[in-house]
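Notes follow once the structure below has been shown.
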2 protein chains.
Amino acid sequence: MRRYEDLAPSQRCIMTPGPVEVDPRVLRALSMPVLGQFDPEFTGIMNETMGMLRELFATGNRWAYPVDGTSRSGLEAAMISLIRPGDRVLVPIYGRFGHLLHEIAERCGAEVSVMHRPWGTVFDPEEIIAEIRRVRPQLVAMVHGETSTGRMQPLEGIGEVCRELDALLVVDAVATIGGVPVKTDEWKLDVVIGGTQKCLSVPSGMSPLTYNERAEARILARKRVERGIRSDDDAFGEDIVYVRSNYFDLGMLQDYWSEKRLNHHTEMTSMLYGLREGLRLALEEGLEARYARHRLHERALAEGLEAMGLRLYGDPACKLPVVACAEIPEGVDGEAVRSMLLDRFGVEIASSFGPLKGRIWRIGTMGYSCRENNVLRVLGALEAALLRQGFAASPGAAVQAALDVYERV
Amino acid sequence: MRRYEDLAPSQRCIMTPGPVEVDPRVLRALSMPVLGQFDPEFTGIMNETMGMLRELFATGNRWAYPVDGTSRSGLEAAMISLIRPGDRVLVPIYGRFGHLLHEIAERCGAEVSVMHRPWGTVFDPEEIIAEIRRVRPQLVAMVHGETSTGRMQPLEGIGEVCRELDALLVVDAVATIGGVPVKTDEWKLDVVIGGTQKCLSVPSGMSPLTYNERAEARILARKRVERGIRSDDDAFGEDIVYVRSNYFDLGMLQDYWSEKRLNHHTEMTSMLYGLREGLRLALEEGLEARYARHRLHERALAEGLEAMGLRLYGDPACKLPVVACAEIPEGVDGEAVRSMLLDRFGVEIASSFGPLKGRIWRIGTMGYSCRENNVLRVLGALEAALLRQGFAASPGAAVQAALDVYERV
């Protein structure tokens, strides 16, 4: 029999747009002994996590809990629970993850309308509003922070029109939650889905979401408790358009997260410990201070990259504050640089997708990875790798520029 | 702002049919620093995990990997990827989790035929075979170990008929994998889905599955790579019946787990560390030795319960070796006993569902929880709680009976 070695992962400096490094306090939480899912200590932890998620999402919504799966599980749970086959869904697309929303909506059986902006830009909210008035969708799904292009879509004003026309506004905030303000109630977002492995710096594996009463009403209209645990209280009309997933049925999930404690699945004990600790860290830091920290390191990184002689990709007016996209210079092999960074320096940065594959590097400043020593380290290492590739970076300039930013604070 | 305390879960003795206690080596693995998802060190861990899963499932199948979600995520992924709307699906039901398979199949749009056996019993495989010949389903889905009733369904012979009639046989081995032999290839099972939080003693959060080429052929016939990363190599026919889920589309998941490393989701880093360590522990112990250990503690627990004066529930011929179901005696408040066990003794046992709610307790002997000191502890605590409730347990007998079993070894 083949022998398997002790697990001994290297300590990396992870400067991608996720997954990023995890705070040691979160790692420690993951290693705590597990509790049974209905142990009052554990249901207490579930309730505390809901409370912290409400603060994170800046909402008074009753429902704020994680879906048990990676980030896209939360997107799919929201969409499959809210979209009835044949519903009109509008998806504004300005990068890869807009395409994903299109894909999911289509698989839910929606009649999908899309609108496109060239990668590297975002929509004027007025364009989206005009399209909502034209299409009259039952649901609008859009990305807040698009890591594939490093852009952030302003959302103000769209929610109001959705309310006026009885559409639900579903927002993918996977990349922004915990790093950039996401004002669920103020912006009138009906459903917001976050991720753990980016600005929250919790390992991949849960997708926290929140939704308001408008969304809940649609969920309850389709509610069907599963066979085997259905009781007389769970009667539903024969003609309901029930959700075409059991795992992602938010009607049952919310009963599991309520005082009813409906036995839907077995909550991910250790991941929930990690999420709770990650949220606690975020709230202890203070959300405003946390957003300011992300802005500071963004500036240091961006100024460093420019001082190195690299061009930043995309429209600066809508830059996603937690990802910097740098164009790969003519004649430089982007993948060779990435490999050298990982193999020699222990530093990871990302490439991109589709039309941007081979054209840009993406460097994240997210969560626990977003700190001064990491920014200085990635700049120094990237400069060295570029010099090695024959690119005429001006030696030392990048780190000096970043230090200037830090000393100005 | 409300302050949240340091996480400090109590150390419990968890003797439920899952989630159960986690080996400290697995907890330690969870706390290792994370790696990026395409870091060669991490993809190496993914490949090792696949290798170990093949051993666990006793299969030569190429595909053996976890779905990222709790156990039922693996069930749903298999079923939604294999069942086309309108397909005939046969589900033999002998407990709650058979109902769940019915539920999932129905939500996948299948035309479901069910067959029932009274709770506490299982099917003669010949009954199932006769029904397969009558119904001619495209897919048969059934539970191997039913924790709701503590029964185990013999599977031998069913796979052959499925091959003869071109049906796929999908088996829920969530409760048995790692504690009882699951012979994927020998029994001609086409798809087997396991869980982590039971006999593998890894926290809830992943659902390892395996499937053979017969299942893969159906998956590939429906394959559609998602928008945003689809390339010219990913062309598919306009008329394919693509999978009505993005998250659970095994066609894309297997590309993610292959050398292609299709960017489908971000693998759950820490959970995968835990799964790898749990598998390593199981293989180091040796699967046969592990199954023998589960049988030994099952016997000690059962003899102890009977010596206490409790009646074991269900047909003993088909008892699930990793769960003992004890009937709650007349006049005893089952929930008061469970609360006392948890609050005073730190020991958790389970109740049951549906027709068995309030009628039986379920005591698991699974994975890391399945050990002598735990069995002795649960017997001693249960006896004390029963005496407290006025039940005439004969004091000391249960623990002595279990010790007798251990000393006979």
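Identifiers for the structure tokens are assigned positionally: chains receive A, B, ... in sequence, residues are indexed from 1 per chain, and ligands are indexed from 1 in the order shown.
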(request) Would you kindly return, as a ChimeraX atom specification, each protein, DNA or RNA residue with an atom no farther than 10 Å from any atom of Cys162 (chain A), considering only C-alpha atoms and excluding same-chain residues fewer than 3 positions away? (result) /A:129,132-133,136-140,157-159,165-169,188-190
Write a file of the just-selected residues containing N, CA, C and O atoms, as a tab-separated table (two decimals), in the first residue's frame.
```tsv
chain	number	residue	atom	x	y	z
A	129	ILE	N	-31.09	50.60	-15.05
A	129	ILE	CA	-32.46	50.98	-14.70
A	129	ILE	C	-33.34	51.04	-15.94
A	129	ILE	O	-34.48	50.53	-15.95
A	132	ILE	N	-34.16	47.57	-16.95
A	132	ILE	CA	-35.16	46.96	-16.06
A	132	ILE	C	-36.56	47.42	-16.46
A	132	ILE	O	-37.50	46.64	-16.55
A	133	ARG	N	-36.68	48.71	-16.77
A	133	ARG	CA	-38.00	49.23	-17.17
A	133	ARG	C	-38.46	48.60	-18.48
A	133	ARG	O	-39.65	48.42	-18.73
A	136	ARG	N	-38.75	44.36	-17.70
A	136	ARG	CA	-39.67	44.00	-16.63
A	136	ARG	C	-39.38	42.60	-16.06
A	136	ARG	O	-40.25	41.72	-16.05
A	137	PRO	N	-38.16	42.40	-15.60
A	137	PRO	CA	-37.80	41.08	-15.06
A	137	PRO	C	-38.44	40.84	-13.69
A	137	PRO	O	-38.75	41.78	-12.98
A	138	GLN	N	-38.59	39.56	-13.34
A	138	GLN	CA	-38.99	39.23	-11.97
A	138	GLN	C	-37.79	39.31	-11.04
A	138	GLN	O	-37.94	39.43	-9.83
A	139	LEU	N	-36.59	39.23	-11.63
A	139	LEU	CA	-35.38	39.21	-10.81
A	139	LEU	C	-34.21	39.81	-11.61
A	139	LEU	O	-34.08	39.55	-12.80
A	140	VAL	N	-33.41	40.60	-10.91
A	140	VAL	CA	-32.19	41.16	-11.50
A	140	VAL	C	-31.02	40.59	-10.70
A	140	VAL	O	-31.03	40.64	-9.47
A	157	GLY	N	-29.46	53.19	-6.41
A	157	GLY	CA	-30.56	53.60	-7.30
A	157	GLY	C	-31.27	52.44	-7.95
A	157	GLY	O	-32.44	52.53	-8.31
A	158	ILE	N	-30.57	51.32	-8.11
A	158	ILE	CA	-31.16	50.19	-8.83
A	158	ILE	C	-32.24	49.51	-7.99
A	158	ILE	O	-33.31	49.14	-8.49
A	159	GLY	N	-31.96	49.40	-6.69
A	159	GLY	CA	-32.91	48.74	-5.80
A	159	GLY	C	-34.27	49.42	-5.77
A	159	GLY	O	-35.32	48.76	-5.71
A	165	LEU	N	-41.06	48.12	-9.48
A	165	LEU	CA	-41.56	47.22	-10.53
A	165	LEU	C	-41.68	45.77	-10.05
A	165	LEU	O	-41.84	44.86	-10.85
A	166	ASP	N	-41.58	45.57	-8.75
A	166	ASP	CA	-41.75	44.24	-8.16
A	166	ASP	C	-40.72	43.22	-8.67
A	166	ASP	O	-41.03	42.04	-8.84
A	167	ALA	N	-39.52	43.69	-8.92
A	167	ALA	CA	-38.42	42.77	-9.24
A	167	ALA	C	-37.58	42.60	-7.98
A	167	ALA	O	-37.50	43.50	-7.15
A	168	LEU	N	-36.93	41.45	-7.85
A	168	LEU	CA	-35.98	41.27	-6.75
A	168	LEU	C	-34.58	41.57	-7.26
A	168	LEU	O	-34.23	41.20	-8.37
A	169	LEU	N	-33.79	42.21	-6.42
A	169	LEU	CA	-32.42	42.53	-6.78
A	169	LEU	C	-31.48	41.61	-5.99
A	169	LEU	O	-31.42	41.68	-4.76
A	188	LYS	N	-31.11	49.06	-0.71
A	188	LYS	CA	-32.33	48.31	-1.05
A	188	LYS	C	-32.03	47.05	-1.87
A	188	LYS	O	-32.68	46.76	-2.88
A	189	LEU	N	-31.03	46.31	-1.41
A	189	LEU	CA	-30.72	45.03	-2.05
A	189	LEU	C	-31.60	43.96	-1.40
A	189	LEU	O	-31.71	43.91	-0.18
A	190	ASP	N	-32.24	43.14	-2.21
A	190	ASP	CA	-33.15	42.15	-1.65
A	190	ASP	C	-32.42	40.90	-1.18
A	190	ASP	O	-32.82	40.27	-0.20
```
(request) Mind listing the helix (DSSP H, G or I) residues of region 27-242 of chain B, per DSSP on the backbone, as a VMD selection string? (result) chain B and resid 27 to 30 40 to 56 71 to 82 96 to 107 125 to 135 158 to 164 213 to 221 232 to 234
(request) Apply DSSP to the structure's backbone, then extract all residues of region 31-66 of chain A labelled strand (DSSP E) and return them as a list in words. (result) Trp63, Ala64, Tyr65 and Pro66 of chain A
(message) List as a list in words the protein and nucleic acid residues near Gly150 (chain A), meaning an atom at most 9 Å away when only C-alpha atoms are counted, but skip any in the same chain fewer than 3 places from it.
(response)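 Here the qualifying residues turn out to be Gly95, Gly120, Gly145, Glu146, Thr147, Tyr313, Gly314, Cys318, Lys319, Leu320, Pro321, Val322, Val323, Ala324, Cys325 and Arg362 of chain A.
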Could you save the residues just selected, with all heavy atoms, as a compact mmCIF listing (two decimals), in the first residue's frame?
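Result written to part.txt:
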```txt
# COMPACT_ATOMS: atom_id res chain seq x y z
N GLY A 95 -17.98 40.91 -16.75
CA GLY A 95 -16.82 40.05 -16.47
C GLY A 95 -17.29 38.62 -16.30
O GLY A 95 -18.47 38.29 -16.45
N GLY A 120 -13.34 45.49 -18.11
CA GLY A 120 -12.51 46.63 -17.69
C GLY A 120 -13.34 47.86 -17.38
O GLY A 120 -12.82 48.85 -16.88
N GLY A 145 -18.56 43.11 -7.00
CA GLY A 145 -17.12 43.20 -7.27
C GLY A 145 -16.72 42.07 -8.21
O GLY A 145 -16.89 40.91 -7.87
N GLU A 146 -16.22 42.41 -9.37
CA GLU A 146 -15.89 41.42 -10.40
C GLU A 146 -14.38 41.18 -10.35
O GLU A 146 -13.60 41.99 -10.85
CB GLU A 146 -16.35 41.96 -11.75
CG GLU A 146 -16.07 41.12 -12.97
CD GLU A 146 -16.81 39.77 -13.00
OE1 GLU A 146 -18.01 39.73 -13.25
OE2 GLU A 146 -16.10 38.76 -12.78
N THR A 147 -13.96 40.08 -9.74
CA THR A 147 -12.53 39.85 -9.60
C THR A 147 -11.85 39.55 -10.93
O THR A 147 -10.65 39.75 -11.06
CB THR A 147 -12.22 38.68 -8.64
OG1 THR A 147 -12.97 37.54 -9.05
CG2 THR A 147 -12.54 39.04 -7.21
N TYR A 313 -4.59 47.88 -15.39
CA TYR A 313 -5.62 47.58 -16.38
C TYR A 313 -6.96 48.17 -15.95
O TYR A 313 -7.30 48.17 -14.76
CB TYR A 313 -5.75 46.05 -16.52
CG TYR A 313 -6.99 45.61 -17.22
CD1 TYR A 313 -7.07 45.60 -18.61
CD2 TYR A 313 -8.12 45.20 -16.49
CE1 TYR A 313 -8.22 45.20 -19.27
CE2 TYR A 313 -9.28 44.80 -17.13
CZ TYR A 313 -9.33 44.80 -18.52
OH TYR A 313 -10.47 44.41 -19.15
N GLY A 314 -7.74 48.61 -16.93
CA GLY A 314 -9.15 48.94 -16.70
C GLY A 314 -9.39 50.38 -16.28
O GLY A 314 -8.46 51.13 -15.98
N CYS A 318 -13.71 52.86 -11.68
CA CYS A 318 -14.54 51.79 -11.09
C CYS A 318 -13.66 50.64 -10.62
O CYS A 318 -14.07 49.49 -10.62
CB CYS A 318 -15.58 51.29 -12.09
SG CYS A 318 -14.86 50.76 -13.66
N LYS A 319 -12.42 50.97 -10.19
CA LYS A 319 -11.54 49.91 -9.73
C LYS A 319 -12.10 49.25 -8.47
O LYS A 319 -12.56 49.91 -7.54
CB LYS A 319 -10.14 50.48 -9.42
CG LYS A 319 -9.17 49.39 -9.00
CD LYS A 319 -7.77 49.91 -8.70
CE LYS A 319 -6.91 48.80 -8.12
NZ LYS A 319 -7.43 48.24 -6.86
N LEU A 320 -12.04 47.95 -8.44
CA LEU A 320 -12.40 47.18 -7.25
C LEU A 320 -11.26 47.36 -6.25
O LEU A 320 -10.11 46.99 -6.54
CB LEU A 320 -12.57 45.71 -7.64
CG LEU A 320 -12.81 44.68 -6.54
CD1 LEU A 320 -14.09 44.98 -5.76
CD2 LEU A 320 -12.90 43.27 -7.15
N PRO A 321 -11.53 47.93 -5.07
CA PRO A 321 -10.42 48.31 -4.19
C PRO A 321 -9.59 47.14 -3.67
O PRO A 321 -8.49 47.37 -3.15
CB PRO A 321 -11.14 49.00 -3.00
CG PRO A 321 -12.47 49.41 -3.53
CD PRO A 321 -12.84 48.41 -4.57
N VAL A 322 -10.04 45.92 -3.81
CA VAL A 322 -9.31 44.81 -3.20
C VAL A 322 -8.54 43.97 -4.21
O VAL A 322 -7.96 42.94 -3.84
CB VAL A 322 -10.27 43.92 -2.36
CG1 VAL A 322 -10.79 44.72 -1.17
CG2 VAL A 322 -11.43 43.41 -3.21
N VAL A 323 -8.54 44.39 -5.47
CA VAL A 323 -7.77 43.69 -6.51
C VAL A 323 -7.12 44.72 -7.42
O VAL A 323 -7.79 45.64 -7.89
CB VAL A 323 -8.66 42.78 -7.40
CG1 VAL A 323 -7.79 42.01 -8.40
CG2 VAL A 323 -9.48 41.80 -6.56
N ALA A 324 -5.82 44.54 -7.66
CA ALA A 324 -5.14 45.37 -8.64
C ALA A 324 -4.82 44.48 -9.85
O ALA A 324 -4.27 43.40 -9.69
CB ALA A 324 -3.84 45.93 -8.06
N CYS A 325 -5.20 44.96 -11.05
CA CYS A 325 -4.89 44.21 -12.26
C CYS A 325 -3.78 44.94 -12.99
O CYS A 325 -3.91 46.12 -13.31
CB CYS A 325 -6.12 44.12 -13.16
SG CYS A 325 -7.48 43.23 -12.40
N ARG A 362 -3.48 39.48 -11.69
CA ARG A 362 -4.40 40.03 -10.69
C ARG A 362 -3.78 39.83 -9.32
O ARG A 362 -3.40 38.72 -8.95
CB ARG A 362 -5.76 39.33 -10.78
CG ARG A 362 -6.44 39.56 -12.15
CD ARG A 362 -7.76 38.81 -12.25
NE ARG A 362 -7.58 37.39 -11.99
CZ ARG A 362 -8.44 36.64 -11.32
NH1 ARG A 362 -9.54 37.19 -10.83
NH2 ARG A 362 -8.21 35.37 -11.13
```
(message) Give me, as a ChimeraX atom specification, all polymer residues having an atom no more than 9 Å from Lys198 (chain B), counting only C-alpha atoms and skipping those fewer than 3 positions away in the same chain.
(response) /B:16-21,174-179,195,201-204,364,366-367
(message) My list of candidates is A:Phe345, A:Phe353, A:Tyr368, A:Trp63. Which is closest to Glu216 (chain A) when distances are computed with only C-alpha atoms?
(response) A:Trp63
(message) Can you measure CA of His116 (chain B) to CA of Arg359 (chain B) for me? One decimal in Å is fine.
(response) 20.3 Å
(message) Nearest residue to Arg25 (chain A) out of A:Gly278, A:Gly74, A:Gly358, A:Gly309, using only C-alpha atoms?
(response)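 Counting only C-alpha atoms, the residue closest to Arg25 (chain A) is A:Gly278.
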(message) So, with only C-alpha atoms as the atoms that count, which of A:Glu330, A:Arg117, A:Ala217, A:Thr269 lies closest to Phe42 (chain A)?
(response)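 The answer is A:Thr269, which sits nearest to Phe42 (chain A).
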Using only C-alpha atoms, which residues sit within 9 Å of Val114 (chain B) once same-chain residues fewer than 6 positions away are excluded, as a PDB file with C-alpha atoms, in the first residue's frame?
```
ATOM      1  CA  VAL B  89     -36.255   6.249 -11.138  1.00  0.00           C
ATOM      2  CA  LEU B  90     -36.895   3.464  -8.639  1.00  0.00           C
ATOM      3  CA  VAL B  91     -36.381   4.138  -4.932  1.00  0.00           C
ATOM      4  CA  PRO B  92     -36.773   1.331  -2.383  1.00  0.00           C
ATOM      5  CA  ILE B  93     -37.608   2.984   0.967  1.00  0.00           C
ATOM      6  CA  HIS B 102     -37.391  10.030  -3.358  1.00  0.00           C
TER       7      HIS B 102
END
```
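If you measure from each of B:Thr70, B:Glu267, B:Val170, B:Ala8 to Arg214 (chain B) using only C-alpha atoms, the closest one turns out to be B:Val170.
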(request) Kindly give the distance, in Å, that separates CA of Gly36 (chain A) and CA of Val180 (chain B), rounded to a single decimal. (result) 22.3 Å
(message) At a cut-off of 10 Å, using only C-alpha atoms, what residues contact Ile80 (chain A)? Leave out same-chain residues fewer than 5 positions from it and give the result as a ChimeraX atom specification.
(response) /A:74-75,85,104-105,107-110,219,242-245,248-250 /B:244-245
How would the residues just picked look written out with N, CA and C atoms as a PDB file, in the first residue's frame?
```pdb
ATOM      1  N   GLY A  74     -23.994  29.654  -2.573  1.00  0.00           N
ATOM      2  CA  GLY A  74     -24.927  30.684  -2.108  1.00  0.00           C
ATOM      3  C   GLY A  74     -25.629  31.361  -3.276  1.00  0.00           C
ATOM      4  N   LEU A  75     -24.871  31.594  -4.363  1.00  0.00           N
ATOM      5  CA  LEU A  75     -25.491  32.185  -5.554  1.00  0.00           C
ATOM      6  C   LEU A  75     -26.579  31.258  -6.086  1.00  0.00           C
ATOM      7  N   PRO A  85     -39.185  28.460 -13.056  1.00  0.00           N
ATOM      8  CA  PRO A  85     -38.948  28.260 -14.485  1.00  0.00           C
ATOM      9  C   PRO A  85     -39.863  29.186 -15.297  1.00  0.00           C
ATOM     10  N   ILE A 104     -26.189  30.283 -14.266  1.00  0.00           N
ATOM     11  CA  ILE A 104     -27.030  29.712 -13.198  1.00  0.00           C
ATOM     12  C   ILE A 104     -28.508  30.010 -13.473  1.00  0.00           C
ATOM     13  N   ALA A 105     -28.784  31.253 -13.859  1.00  0.00           N
ATOM     14  CA  ALA A 105     -30.186  31.615 -14.131  1.00  0.00           C
ATOM     15  C   ALA A 105     -30.761  30.742 -15.242  1.00  0.00           C
ATOM     16  N   ARG A 107     -29.811  27.722 -16.065  1.00  0.00           N
ATOM     17  CA  ARG A 107     -30.020  26.360 -15.552  1.00  0.00           C
ATOM     18  C   ARG A 107     -31.227  26.290 -14.615  1.00  0.00           C
ATOM     19  N   CYS A 108     -31.601  27.432 -14.041  1.00  0.00           N
ATOM     20  CA  CYS A 108     -32.822  27.469 -13.226  1.00  0.00           C
ATOM     21  C   CYS A 108     -34.075  27.526 -14.094  1.00  0.00           C
ATOM     22  N   GLY A 109     -33.890  27.617 -15.394  1.00  0.00           N
ATOM     23  CA  GLY A 109     -35.045  27.643 -16.287  1.00  0.00           C
ATOM     24  C   GLY A 109     -35.581  29.039 -16.559  1.00  0.00           C
ATOM     25  N   ALA A 110     -34.783  30.061 -16.240  1.00  0.00           N
ATOM     26  CA  ALA A 110     -35.235  31.441 -16.468  1.00  0.00           C
ATOM     27  C   ALA A 110     -35.164  31.800 -17.942  1.00  0.00           C
ATOM     28  N   ILE A 219     -39.950  32.908  -1.358  1.00  0.00           N
ATOM     29  CA  ILE A 219     -39.449  31.604  -0.895  1.00  0.00           C
ATOM     30  C   ILE A 219     -40.571  30.820  -0.219  1.00  0.00           C
ATOM     31  N   TYR A 242     -42.542  24.198  -6.538  1.00  0.00           N
ATOM     32  CA  TYR A 242     -41.520  23.992  -5.518  1.00  0.00           C
ATOM     33  C   TYR A 242     -40.119  24.095  -6.122  1.00  0.00           C
ATOM     34  N   VAL A 243     -39.140  24.240  -5.244  1.00  0.00           N
ATOM     35  CA  VAL A 243     -37.767  24.498  -5.673  1.00  0.00           C
ATOM     36  C   VAL A 243     -37.151  23.215  -6.237  1.00  0.00           C
ATOM     37  N   ARG A 244     -36.477  23.325  -7.354  1.00  0.00           N
ATOM     38  CA  ARG A 244     -35.939  22.141  -8.035  1.00  0.00           C
ATOM     39  C   ARG A 244     -34.582  21.721  -7.484  1.00  0.00           C
ATOM     40  N   SER A 245     -34.409  21.928  -6.214  1.00  0.00           N
ATOM     41  CA  SER A 245     -33.229  21.437  -5.501  1.00  0.00           C
ATOM     42  C   SER A 245     -33.676  21.200  -4.073  1.00  0.00           C
ATOM     43  N   PHE A 248     -30.496  23.193  -1.876  1.00  0.00           N
ATOM     44  CA  PHE A 248     -30.461  24.655  -1.935  1.00  0.00           C
ATOM     45  C   PHE A 248     -31.810  25.308  -1.653  1.00  0.00           C
ATOM     46  N   ASP A 249     -32.734  24.579  -1.085  1.00  0.00           N
ATOM     47  CA  ASP A 249     -34.070  25.123  -0.855  1.00  0.00           C
ATOM     48  C   ASP A 249     -34.048  26.025   0.378  1.00  0.00           C
ATOM     49  N   LEU A 250     -34.026  27.325   0.144  1.00  0.00           N
ATOM     50  CA  LEU A 250     -33.891  28.264   1.267  1.00  0.00           C
ATOM     51  C   LEU A 250     -35.077  28.184   2.229  1.00  0.00           C
TER      52      LEU A 250
ATOM     53  N   ARG B 244     -29.405  20.655 -14.604  1.00  0.00           N
ATOM     54  CA  ARG B 244     -30.138  21.823 -14.117  1.00  0.00           C
ATOM     55  C   ARG B 244     -29.550  22.372 -12.821  1.00  0.00           C
ATOM     56  N   SER B 245     -28.252  22.257 -12.695  1.00  0.00           N
ATOM     57  CA  SER B 245     -27.529  22.859 -11.586  1.00  0.00           C
ATOM     58  C   SER B 245     -26.139  23.160 -12.106  1.00  0.00           C
TER      59      SER B 245
END
```
(request) Write out as an MDAnalysis selection string each polymer residue whose atoms come within 9 Å of region 379-388 of chain A, counting only C-alpha atoms; drop sequence neighbours fewer than 6 positions from it. (result) chainID A and resid 301 304:305 308 332 336:338 340:341 344:345 347 394:396 398:399 402
(request) Record the distance separating CA of Ala397 (chain B) and CA of Ala307 (chain B), expressed in Å with one decimal. (result)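 Separating CA of Ala397 (chain B) from CA of Ala307 (chain B) is a distance of 5.7 Å.
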(message) Between B:Arg3, B:Arg261, B:His294, B:Arg222, which residue has the minimum interatomic distance to chain A, considering only C-alpha atoms?
(response)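 Checking each candidate against chain A, we get B:Arg3 as the closest.
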